[in-house]
Amino acid sequence: MSDNPVASSTGTHSALAETGGPHHEKHPSYQRHHFETVGQQADATNFAMWLFLLTEVMFFGGLFTAYLIYRNWYYPAFVAASHQLDVRWGTLNTLVLILSSFTMAMGVWCSETRRKSGLVLCLILTFTLGMCFLGIKSIEYHEKWEKHHIPGPHYSLQSFLDPASDESAAQYGDKPLPLDMARHTEIYFFLYFAMTGMHALHMVIGIAILGYMIFRARAGAYTTGHVTFVENFGLYWHFVDIIWIYLFALLYLISRHQ
Amino acid sequence: MSEQTSHAEHEHHIVSPKVYIVVVLGLLVGTALTVWASFIDLGPWNPVIALAIATGKAMLVVLFFMGVKYSTKLTKLTVIAGIFIFLGLISMTLADYMSRAWGRW
């Protein structure tokens with residue numbers, strides 16, 4: 001009994017293989033066999049990409065929730081620690097990332113309208129802006145390293161116990177925090193490095209994929225009507241941009257008026 | 001008619017560069033606005049305004065750069081479901097903290 005379906009399915013398979021030639025001409029080479037149409041395939045892929053992004057939302061969501069609770073608990077520590085970030089670097093990085101999202105969106109458009117050199121240019125610009133972002137981020141991280149603001153055994157409370165000795169703290173007229181509250185600035189920096197670090201890791205992965213895409217785009221891979229890869233990568237890149245929009249507001253702009 | 005279009009596969013919508021330019025300008029203005037607002041003392045409204053502007057910017061990105069405005073109902077539903085669950089999880093976590101340990105840390 002079990003033999004029959006197997007036999008018949010193999011039969012059908014070989015029959016299909018024989019007529020494979022004409023069958024293949026009906027649809028573009030990039031359409032997989034299990035999809036009825038290119039549109040169905042694009043929709044399914046788009047849906048899958050969004051599901052992946054939802055898992056990312058949940059992942060970053062945990063970090064944002066931790067931030068929210070600790071910020072409410074140790075608000076003075078968060079304010080003082082936030083003053084250690086340079087809002088100019090943060091703003092510049094926000095602008096860089098927004099522009100990179102724009103060049104990526106234009107890349108998708110070039111791919112859709114089959115402009116090969118335009119696509120390559122947009123991808124290179126996105127790649128470059130992504131690298132600029134990481135460059136600026138590393139300058140900021142280096143500053144934290146020098147001031148011993150990286151959580152761990154070498155963490156220094158100097159800027160929070162004696163703000164007058166610290167340029168950034170003095171600029172905002174910070175008052176010395178009690179030792180107990182000052183110690184909680186380490187939580188802020190832990191969250192700062194966890195959140196911006198995770199974001200930066202996403203940028204590194206994105207930039208690596210962009211490098212691959214530039215290489216493929218030059219060979220004309222995405223300008224023949226098959227835009228799915230560029231489009232879905234665009235979704236990922238824009239998602240990373242959205243995370244930064246929130247990180248910037250929450251980490252840099254807590255209380256610049258104080 | 002609408003029944004038919006929802007069954008037929010999605011027509012690929014190409015967003016014009018003009019839309020992208022308007023959106024990127026909106027995002028740049030939003031960034032300038034949020035930095036400016038953060039330097040003004042608005043008491044408890046500072047974080048509210050910062051988050052409101054960030055959400056406005058995120059909406060622009062989701063609707064236009066990510067093309068959700070032009071996407072299928074399935075995609076729209078997926079995005080809304082994601083936001084809903086995210087907010088639900090945050091509220092439940094906060095409800096737990098606020099009803100048990102608040103003020104006793």
# chains A, B, ... in the order shown; residues from 1 in each chain; ligands from 1
>>> interface_residues(of="chain B", to="chain A", cutoff="6 Å", atoms="only C-alpha atoms", output="mmCIF file with N, CA, C and O atoms, in the first residue's frame")
data_model
loop_
_atom_site.group_PDB
_atom_site.id
_atom_site.type_symbol
_atom_site.label_atom_id
_atom_site.label_comp_id
_atom_site.auth_asym_id
_atom_site.auth_seq_id
_atom_site.Cartn_x
_atom_site.Cartn_y
_atom_site.Cartn_z
ATOM 1 N N GLU B 9 -2.544 38.304 -5.537
ATOM 2 C CA GLU B 9 -1.304 38.656 -4.867
ATOM 3 C C GLU B 9 -1.048 40.149 -5.022
ATOM 4 O O GLU B 9 -1.590 40.829 -5.890
ATOM 5 N N SER B 38 15.024 68.831 24.367
ATOM 6 C CA SER B 38 15.657 68.232 25.544
ATOM 7 C C SER B 38 16.391 69.270 26.393
ATOM 8 O O SER B 38 16.686 69.030 27.556
ATOM 9 N N PHE B 39 16.693 70.428 25.811
ATOM 10 C CA PHE B 39 17.409 71.452 26.562
ATOM 11 C C PHE B 39 16.465 72.408 27.296
ATOM 12 O O PHE B 39 16.895 73.287 28.021
ATOM 13 N N ILE B 40 15.157 72.232 27.080
ATOM 14 C CA ILE B 40 14.175 73.084 27.752
ATOM 15 C C ILE B 40 13.603 72.309 28.930
ATOM 16 O O ILE B 40 13.315 71.118 28.811
ATOM 17 N N ASP B 41 13.453 72.980 30.068
ATOM 18 C CA ASP B 41 12.927 72.289 31.239
ATOM 19 C C ASP B 41 11.403 72.213 31.171
ATOM 20 O O ASP B 41 10.710 73.208 31.358
ATOM 21 N N ALA B 50 10.188 63.571 24.269
ATOM 22 C CA ALA B 50 11.279 62.867 23.576
ATOM 23 C C ALA B 50 10.764 61.564 22.966
ATOM 24 O O ALA B 50 11.056 61.250 21.806
ATOM 25 N N ALA B 54 10.310 60.566 19.028
ATOM 26 C CA ALA B 54 10.962 59.337 18.548
ATOM 27 C C ALA B 54 9.937 58.419 17.889
ATOM 28 O O ALA B 54 10.203 57.823 16.831
ATOM 29 N N ALA B 58 9.822 57.063 14.158
ATOM 30 C CA ALA B 58 9.753 55.624 13.881
ATOM 31 C C ALA B 58 8.576 55.316 12.943
ATOM 32 O O ALA B 58 8.683 54.482 12.046
ATOM 33 N N PHE B 65 9.740 54.302 4.600
ATOM 34 C CA PHE B 65 10.980 53.609 4.247
ATOM 35 C C PHE B 65 10.747 52.098 4.201
ATOM 36 O O PHE B 65 11.242 51.403 3.315
ATOM 37 N N MET B 66 9.988 51.587 5.175
ATOM 38 C CA MET B 66 9.753 50.142 5.200
ATOM 39 C C MET B 66 8.509 49.781 4.402
ATOM 40 O O MET B 66 8.164 48.601 4.271
ATOM 41 N N GLY B 82 2.810 42.949 16.514
ATOM 42 C CA GLY B 82 4.109 43.029 17.180
ATOM 43 C C GLY B 82 4.152 44.164 18.180
ATOM 44 O O GLY B 82 4.569 43.980 19.331
#
>>> select_by_dssp(residues="chain B", states="helix (DSSP H, G or I)", output="MDAnalysis selection string")
chainID B and resid 2:7 17:38 45:65 68:70 73:100
>>> atom_distance(atom1="CA of Pro151 in chain A", atom2="CA of Phe189 in chain A")
6.4 Å
>>> closest_residue(among="A:Leu251, A:Leu134, A:Ala80, A:Leu63", to="Gln158 in chain A", atoms="only C-alpha atoms")
A:Ala80
>>> atom_distance(atom1="CA of Ser138 in chain A", atom2="CA of Ile207 in chain A")
15.5 Å
